[in-house]
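One structure is given below, encoded as structure tokens.
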Amino acid sequence: MSSYTTISSEKMARLIGTANAPVLIDVRTDEDFAADRRLIPGSIKLSHENVPDWGANFAGRSVIVSCLRGEKLAQGTAAWLRQLGVQAETLEGGFEGWKAAKLPLVDTRKLPPRDAKGRTVWITRARPKVDRIACPWLIRRFVDPTAVFLFVAPSEVAAVGQRFNAAPFDIENVFWSHRGELCTFDVMIEEFGIAAPALLRLATLVRGADTGRPDLAPEAPGLLAASLGLSRMYDDDLEQLEAGMLLYDAFYRWCRDATSETHNWPTNKTKA
């Protein structure tokens with residue numbers, strides 16, 4: 001049974017992907033991580049050995065710590081974090097408990113190399129519309145919350161990516177791009193291994209909006225209209241991305257929690 005300093009896998013799964021999700025920290029040993037290089041979606045990998053050094057970076061924030069089984073490493077790290085002013089809990093059962101519950105795990109072997117600060121760096125064409133906002137949202141919420149995104153002229157994506165060690169996405173002839181009828185958002189969900197029902201539902205909306213197939217979902221034209229509206233509102237691509245994060249947060253929560261809700265206008269009655 002969960003205590004006030006632990007959280008169940010089921011409860012934590014409801015927090016992942018939301019705008020107010022806690023920071024998720026994996027402190028498995030190098031040996032344990034080498035045995036299974038997947039991560040709980042949205043997690044960052046840090047060492048329990050130097051928690052006094054990095055822990056203060058999370059002061060005032062909510063953090064959930066996991067190790068292999070939710071025992072000494074996670075509980076010791078969480079205790080240190082609380083000492084440093086962090087609202088820290090541990091994941092009940094740890095990584096193994098999450099895996100036993102058959103919840104999604106991110107395949108980190110598909111991630112691009114991280115920079116000196118531990119961040120993945122991605123690059124794509126400037127002036128994003130649908131896929132180039134949806135994919136950063138997916139990465140920030142489920143893959144790497146610290147990810148950096150670079151927007152450059154279309155002709156320079158490949159060259160800049162090589163010079164700055166950034167992974168290109170949503171351009172032709174790269175790994176992270178359209179495949180057949182799938183858009184890049186679909187491909188990322190599949191390759192990272194995070195095909196939860198709500199994300200698959202959202203992927204249908206993104207695909208319909210991004211590939212000119214509004215028949216795929218009734219909501220796809222609305223997503224396209226909102227995306228095009230954002231692209232006209234912002235000249236700065238990074239400002240547009242931040243606004244787009246809220247848009248996709250809303251569509252994700254609709255996909256997960258509110259697809260059955262309807263809004264019925266009152267019937268107008270003409271007085272005799």
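Quick note on naming: the chains in the structure tokens go A, B, ... in the order shown, residues restart at 1 in each chain, and ligands are numbered from 1 in order of appearance.
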Q: Fewer than 3 positions away in the same chain doesn't count, so skip those; otherwise give me all residues within 9 Å of Leu84 in chain A, counting only C-alpha atoms, as an MDAnalysis selection string.
A: chainID A and resid 52 55:56 58:59 79:81
Write out the residues from the selection above, keeping all heavy atoms, as a PDB file, in the first residue's frame.
```
ATOM      1  N   PRO A  52      23.376  15.205  -3.456  1.00  0.00           N
ATOM      2  CA  PRO A  52      23.545  16.519  -2.809  1.00  0.00           C
ATOM      3  C   PRO A  52      23.981  17.601  -3.793  1.00  0.00           C
ATOM      4  O   PRO A  52      23.734  18.791  -3.559  1.00  0.00           O
ATOM      5  CB  PRO A  52      24.632  16.247  -1.758  1.00  0.00           C
ATOM      6  CG  PRO A  52      24.534  14.781  -1.485  1.00  0.00           C
ATOM      7  CD  PRO A  52      24.217  14.174  -2.813  1.00  0.00           C
ATOM      8  N   GLY A  55      20.555  17.861  -6.421  1.00  0.00           N
ATOM      9  CA  GLY A  55      19.226  17.902  -5.831  1.00  0.00           C
ATOM     10  C   GLY A  55      18.634  19.291  -5.675  1.00  0.00           C
ATOM     11  O   GLY A  55      17.432  19.497  -5.872  1.00  0.00           O
ATOM     12  N   ALA A  56      19.474  20.273  -5.349  1.00  0.00           N
ATOM     13  CA  ALA A  56      18.974  21.631  -5.130  1.00  0.00           C
ATOM     14  C   ALA A  56      18.373  22.239  -6.390  1.00  0.00           C
ATOM     15  O   ALA A  56      17.594  23.197  -6.311  1.00  0.00           O
ATOM     16  CB  ALA A  56      20.092  22.520  -4.593  1.00  0.00           C
ATOM     17  N   PHE A  58      16.103  21.096  -8.029  1.00  0.00           N
ATOM     18  CA  PHE A  58      14.671  20.788  -8.063  1.00  0.00           C
ATOM     19  C   PHE A  58      13.931  21.335  -6.839  1.00  0.00           C
ATOM     20  O   PHE A  58      12.792  20.954  -6.577  1.00  0.00           O
ATOM     21  CB  PHE A  58      14.473  19.273  -8.157  1.00  0.00           C
ATOM     22  CG  PHE A  58      15.124  18.666  -9.371  1.00  0.00           C
ATOM     23  CD1 PHE A  58      16.356  18.031  -9.271  1.00  0.00           C
ATOM     24  CD2 PHE A  58      14.528  18.768 -10.609  1.00  0.00           C
ATOM     25  CE1 PHE A  58      16.967  17.483 -10.391  1.00  0.00           C
ATOM     26  CE2 PHE A  58      15.126  18.227 -11.745  1.00  0.00           C
ATOM     27  CZ  PHE A  58      16.353  17.585 -11.633  1.00  0.00           C
ATOM     28  N   ALA A  59      14.565  22.222  -6.104  1.00  0.00           N
ATOM     29  CA  ALA A  59      13.938  22.798  -4.913  1.00  0.00           C
ATOM     30  C   ALA A  59      12.607  23.444  -5.260  1.00  0.00           C
ATOM     31  O   ALA A  59      12.482  24.153  -6.261  1.00  0.00           O
ATOM     32  CB  ALA A  59      14.871  23.813  -4.261  1.00  0.00           C
ATOM     33  N   ALA A  79      14.804  10.959   0.275  1.00  0.00           N
ATOM     34  CA  ALA A  79      15.040  11.563   1.590  1.00  0.00           C
ATOM     35  C   ALA A  79      16.015  12.730   1.485  1.00  0.00           C
ATOM     36  O   ALA A  79      15.821  13.785   2.113  1.00  0.00           O
ATOM     37  CB  ALA A  79      15.561  10.503   2.555  1.00  0.00           C
ATOM     38  N   TRP A  80      17.063  12.562   0.697  1.00  0.00           N
ATOM     39  CA  TRP A  80      18.018  13.649   0.486  1.00  0.00           C
ATOM     40  C   TRP A  80      17.334  14.837  -0.185  1.00  0.00           C
ATOM     41  O   TRP A  80      17.556  15.995   0.180  1.00  0.00           O
ATOM     42  CB  TRP A  80      19.185  13.165  -0.382  1.00  0.00           C
ATOM     43  CG  TRP A  80      20.468  12.979   0.363  1.00  0.00           C
ATOM     44  CD1 TRP A  80      21.118  11.813   0.608  1.00  0.00           C
ATOM     45  CD2 TRP A  80      21.257  14.007   0.969  1.00  0.00           C
ATOM     46  NE1 TRP A  80      22.262  12.036   1.329  1.00  0.00           N
ATOM     47  CE2 TRP A  80      22.370  13.380   1.566  1.00  0.00           C
ATOM     48  CE3 TRP A  80      21.119  15.399   1.068  1.00  0.00           C
ATOM     49  CZ2 TRP A  80      23.348  14.091   2.239  1.00  0.00           C
ATOM     50  CZ3 TRP A  80      22.095  16.104   1.756  1.00  0.00           C
ATOM     51  CH2 TRP A  80      23.195  15.447   2.332  1.00  0.00           C
ATOM     52  N   LEU A  81      16.498  14.548  -1.183  1.00  0.00           N
ATOM     53  CA  LEU A  81      15.808  15.625  -1.888  1.00  0.00           C
ATOM     54  C   LEU A  81      14.903  16.410  -0.950  1.00  0.00           C
ATOM     55  O   LEU A  81      14.832  17.640  -1.015  1.00  0.00           O
ATOM     56  CB  LEU A  81      15.005  15.050  -3.059  1.00  0.00           C
ATOM     57  CG  LEU A  81      15.831  14.531  -4.235  1.00  0.00           C
ATOM     58  CD1 LEU A  81      14.939  13.827  -5.248  1.00  0.00           C
ATOM     59  CD2 LEU A  81      16.595  15.676  -4.916  1.00  0.00           C
TER      60      LEU A  81
END
```
Go through range 180-235 of chain A residue by residue and, counting only C-alpha atoms, keep those with an atom at most 12 Å from range 140-146 of chain A; for each kept residue give the shortest atom pair and its distance in Å to one decimal, ordered by chain and increasing number, as JSON lines.
```
{"residue": "A:Met188", "atom": "CA", "partner": "A:Val143", "partner_atom": "CA", "distance": 9.8}
{"residue": "A:Ile189", "atom": "CA", "partner": "A:Phe142", "partner_atom": "CA", "distance": 9.6}
{"residue": "A:Glu191", "atom": "CA", "partner": "A:Val143", "partner_atom": "CA", "distance": 11.3}
{"residue": "A:Phe192", "atom": "CA", "partner": "A:Val143", "partner_atom": "CA", "distance": 8.0}
{"residue": "A:Gly193", "atom": "CA", "partner": "A:Val143", "partner_atom": "CA", "distance": 10.3}
{"residue": "A:Ile194", "atom": "CA", "partner": "A:Phe142", "partner_atom": "CA", "distance": 8.1}
{"residue": "A:Ala195", "atom": "CA", "partner": "A:Phe142", "partner_atom": "CA", "distance": 11.0}
{"residue": "A:Ala196", "atom": "CA", "partner": "A:Phe142", "partner_atom": "CA", "distance": 11.1}
{"residue": "A:Leu199", "atom": "CA", "partner": "A:Phe142", "partner_atom": "CA", "distance": 10.3}
```
Q) Given the choices A:Ser155, A:Thr6, A:Ser177, A:Gln162, which gets closest to Asp131 in chain A if the distance is worked out from only C-alpha atoms? A) A:Ser177
Q) How many Å separate CA of Thr29 in chain A from CA of Arg82 in chain A? A) 21.0 Å
Q | Long-range neighbours of Pro22 in chain A as a VMD selection string, 8 Å cut-off, only C-alpha atoms, 4 positions minimum in chain | A | chain A and resid 15 to 16 61 to 64
Save the residues we just selected, N, CA, C and O atoms, as a PDB file, in the first residue's frame?
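Written output follows (part.pdb):
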```pdb
ATOM      1  N   LEU A  15      -0.317  10.954 -14.261  1.00  0.00           N
ATOM      2  CA  LEU A  15       0.356  12.253 -14.223  1.00  0.00           C
ATOM      3  C   LEU A  15       1.263  12.473 -15.430  1.00  0.00           C
ATOM      4  O   LEU A  15       1.437  13.599 -15.883  1.00  0.00           O
ATOM      5  N   ILE A  16       1.824  11.389 -15.953  1.00  0.00           N
ATOM      6  CA  ILE A  16       2.774  11.499 -17.058  1.00  0.00           C
ATOM      7  C   ILE A  16       2.089  12.055 -18.298  1.00  0.00           C
ATOM      8  O   ILE A  16       0.983  11.653 -18.658  1.00  0.00           O
ATOM      9  N   ARG A  61       9.969  21.938  -6.252  1.00  0.00           N
ATOM     10  CA  ARG A  61       9.238  21.187  -7.265  1.00  0.00           C
ATOM     11  C   ARG A  61       8.831  19.810  -6.731  1.00  0.00           C
ATOM     12  O   ARG A  61       9.364  19.340  -5.724  1.00  0.00           O
ATOM     13  N   SER A  62       7.900  19.186  -7.416  1.00  0.00           N
ATOM     14  CA  SER A  62       7.486  17.825  -7.068  1.00  0.00           C
ATOM     15  C   SER A  62       8.299  16.835  -7.888  1.00  0.00           C
ATOM     16  O   SER A  62       8.427  16.989  -9.110  1.00  0.00           O
ATOM     17  N   VAL A  63       8.844  15.829  -7.214  1.00  0.00           N
ATOM     18  CA  VAL A  63       9.709  14.853  -7.867  1.00  0.00           C
ATOM     19  C   VAL A  63       9.273  13.448  -7.452  1.00  0.00           C
ATOM     20  O   VAL A  63       8.883  13.221  -6.295  1.00  0.00           O
ATOM     21  N   ILE A  64       9.323  12.520  -8.396  1.00  0.00           N
ATOM     22  CA  ILE A  64       9.117  11.101  -8.095  1.00  0.00           C
ATOM     23  C   ILE A  64      10.383  10.362  -8.493  1.00  0.00           C
ATOM     24  O   ILE A  64      10.861  10.495  -9.626  1.00  0.00           O
TER      25      ILE A  64
END
```
Q.
I need the residues of range 78-169 of chain A that end up classed as helix (DSSP H, G or I) by DSSP on the backbone, written out as a ChimeraX atom specification.
A. /A:78-83,94-100,108-110,131-143,154-163
Q: List every residue of range 13-197 of chain A that DSSP, applied to the backbone of this structure, places in strand (DSSP E or B), and write the result as a PyMOL selection string.
A: chain A and resi 23-26+38-39+43-45+62-66+87-91+106-107+114+120-125+148-152+167-169+176+179+182
**Q.** Distance query Ala220 in chain A at most 12 Å, only C-alpha atoms, self and fewer than 5 positions along chain excluded, as an NGL selection string
**A.** :A and (130 or 201-215 or 225-227 or 251)
Keeping only C-alpha atoms, write the selected residues to a file as a tab-separated table (two decimals), in the first residue's frame.
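So selection06.tsv came out as:
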```tsv
chain	number	residue	atom	x	y	z
A	130	VAL	CA	1.37	20.62	-37.20
A	201	ARG	CA	-5.99	8.62	-30.64
A	202	LEU	CA	-4.10	11.90	-30.70
A	203	ALA	CA	-1.88	10.54	-33.48
A	204	THR	CA	-4.93	10.05	-35.66
A	205	LEU	CA	-5.84	13.72	-35.20
A	206	VAL	CA	-2.29	14.83	-35.97
A	207	ARG	CA	-2.09	12.62	-39.05
A	208	GLY	CA	-5.40	13.92	-40.35
A	209	ALA	CA	-4.39	17.55	-39.81
A	210	ASP	CA	-0.83	17.16	-41.11
A	211	THR	CA	-1.47	15.08	-44.24
A	212	GLY	CA	-4.65	16.67	-45.56
A	213	ARG	CA	-6.98	13.86	-44.49
A	214	PRO	CA	-9.64	15.51	-42.33
A	215	ASP	CA	-11.81	12.41	-42.75
A	225	ALA	CA	-7.21	25.44	-37.89
A	226	ALA	CA	-5.72	26.04	-34.42
A	227	SER	CA	-2.24	25.15	-35.69
A	251	PHE	CA	-5.99	17.79	-27.10
```
Near Ser8 in chain A, within 12 Å and counting only C-alpha atoms, which residues show up once chain neighbours fewer than 5 positions away are dropped, as an mmCIF file with N, CA, C and O atoms, in the first residue's frame?
```cif
data_model
loop_
_atom_site.group_PDB
_atom_site.id
_atom_site.type_symbol
_atom_site.label_atom_id
_atom_site.label_comp_id
_atom_site.auth_asym_id
_atom_site.auth_seq_id
_atom_site.Cartn_x
_atom_site.Cartn_y
_atom_site.Cartn_z
ATOM 1 N N MET A 1 0.849 -1.200 0.000
ATOM 2 C CA MET A 1 0.000 0.000 0.000
ATOM 3 C C MET A 1 0.882 1.247 0.000
ATOM 4 O O MET A 1 1.874 1.319 0.699
ATOM 5 N N SER A 2 0.501 2.233 -0.803
ATOM 6 C CA SER A 2 1.283 3.465 -0.882
ATOM 7 C C SER A 2 1.214 4.238 0.431
ATOM 8 O O SER A 2 0.199 4.237 1.118
ATOM 9 N N SER A 3 2.333 4.883 0.794
ATOM 10 C CA SER A 3 2.358 5.775 1.946
ATOM 11 C C SER A 3 2.406 7.204 1.430
ATOM 12 O O SER A 3 2.364 7.442 0.228
ATOM 13 N N ALA A 13 1.064 6.972 -13.628
ATOM 14 C CA ALA A 13 0.766 6.920 -15.054
ATOM 15 C C ALA A 13 -0.238 7.995 -15.452
ATOM 16 O O ALA A 13 -0.210 8.494 -16.583
ATOM 17 N N ARG A 14 -1.135 8.368 -14.535
ATOM 18 C CA ARG A 14 -2.111 9.413 -14.825
ATOM 19 C C ARG A 14 -1.481 10.804 -14.862
ATOM 20 O O ARG A 14 -2.048 11.726 -15.439
ATOM 21 N N LEU A 15 -0.317 10.954 -14.261
ATOM 22 C CA LEU A 15 0.356 12.253 -14.223
ATOM 23 C C LEU A 15 1.263 12.473 -15.430
ATOM 24 O O LEU A 15 1.437 13.599 -15.883
ATOM 25 N N ILE A 64 9.323 12.520 -8.396
ATOM 26 C CA ILE A 64 9.117 11.101 -8.095
ATOM 27 C C ILE A 64 10.383 10.362 -8.493
ATOM 28 O O ILE A 64 10.861 10.495 -9.626
ATOM 29 N N VAL A 65 10.943 9.611 -7.549
ATOM 30 C CA VAL A 65 12.202 8.912 -7.758
ATOM 31 C C VAL A 65 11.934 7.412 -7.911
ATOM 32 O O VAL A 65 11.156 6.828 -7.150
ATOM 33 N N SER A 66 12.595 6.804 -8.883
ATOM 34 C CA SER A 66 12.491 5.354 -9.040
ATOM 35 C C SER A 66 13.886 4.747 -9.130
ATOM 36 O O SER A 66 14.802 5.358 -9.679
ATOM 37 N N GLY A 70 12.295 0.231 -6.087
ATOM 38 C CA GLY A 70 11.705 1.204 -5.183
ATOM 39 C C GLY A 70 12.194 1.089 -3.765
ATOM 40 O O GLY A 70 11.486 1.500 -2.827
ATOM 41 N N GLU A 89 8.746 11.967 -3.699
ATOM 42 C CA GLU A 89 8.143 10.676 -3.418
ATOM 43 C C GLU A 89 8.940 9.605 -4.151
ATOM 44 O O GLU A 89 9.773 9.909 -5.010
ATOM 45 N N THR A 90 8.668 8.346 -3.833
ATOM 46 C CA THR A 90 9.276 7.240 -4.565
ATOM 47 C C THR A 90 8.185 6.433 -5.265
ATOM 48 O O THR A 90 7.035 6.402 -4.818
ATOM 49 N N LEU A 91 8.575 5.788 -6.359
ATOM 50 C CA LEU A 91 7.637 4.949 -7.100
ATOM 51 C C LEU A 91 7.562 3.586 -6.437
ATOM 52 O O LEU A 91 8.573 2.882 -6.320
ATOM 53 N N GLU A 92 6.376 3.216 -6.005
ATOM 54 C CA GLU A 92 6.175 1.923 -5.355
ATOM 55 C C GLU A 92 6.513 0.794 -6.324
ATOM 56 O O GLU A 92 6.007 0.729 -7.433
ATOM 57 N N GLY A 93 7.428 -0.084 -5.914
ATOM 58 C CA GLY A 93 7.833 -1.196 -6.765
ATOM 59 C C GLY A 93 8.895 -0.833 -7.786
ATOM 60 O O GLY A 93 9.433 -1.708 -8.476
ATOM 61 N N GLY A 94 9.196 0.468 -7.905
ATOM 62 C CA GLY A 94 10.250 0.923 -8.798
ATOM 63 C C GLY A 94 10.029 0.567 -10.258
ATOM 64 O O GLY A 94 8.909 0.332 -10.722
ATOM 65 N N PHE A 95 11.143 0.529 -10.991
ATOM 66 C CA PHE A 95 11.103 0.237 -12.421
ATOM 67 C C PHE A 95 10.489 -1.134 -12.681
ATOM 68 O O PHE A 95 9.695 -1.311 -13.617
ATOM 69 N N GLY A 97 8.317 -2.759 -10.878
ATOM 70 C CA GLY A 97 6.881 -2.710 -10.652
ATOM 71 C C GLY A 97 6.144 -2.073 -11.822
ATOM 72 O O GLY A 97 5.058 -2.525 -12.212
ATOM 73 N N TRP A 98 6.726 -1.007 -12.367
ATOM 74 C CA TRP A 98 6.136 -0.348 -13.538
ATOM 75 C C TRP A 98 6.096 -1.327 -14.720
ATOM 76 O O TRP A 98 5.094 -1.433 -15.419
ATOM 77 N N ALA A 101 3.488 -3.991 -14.446
ATOM 78 C CA ALA A 101 2.146 -3.484 -14.726
ATOM 79 C C ALA A 101 1.898 -3.295 -16.220
ATOM 80 O O ALA A 101 0.808 -2.872 -16.623
#
```
Q | Nearest-residue call for Lys45 in chain A, choices A:Tyr4, A:Thr108, A:Glu96, A:Leu138, using only C-alpha atoms | A | A:Thr108
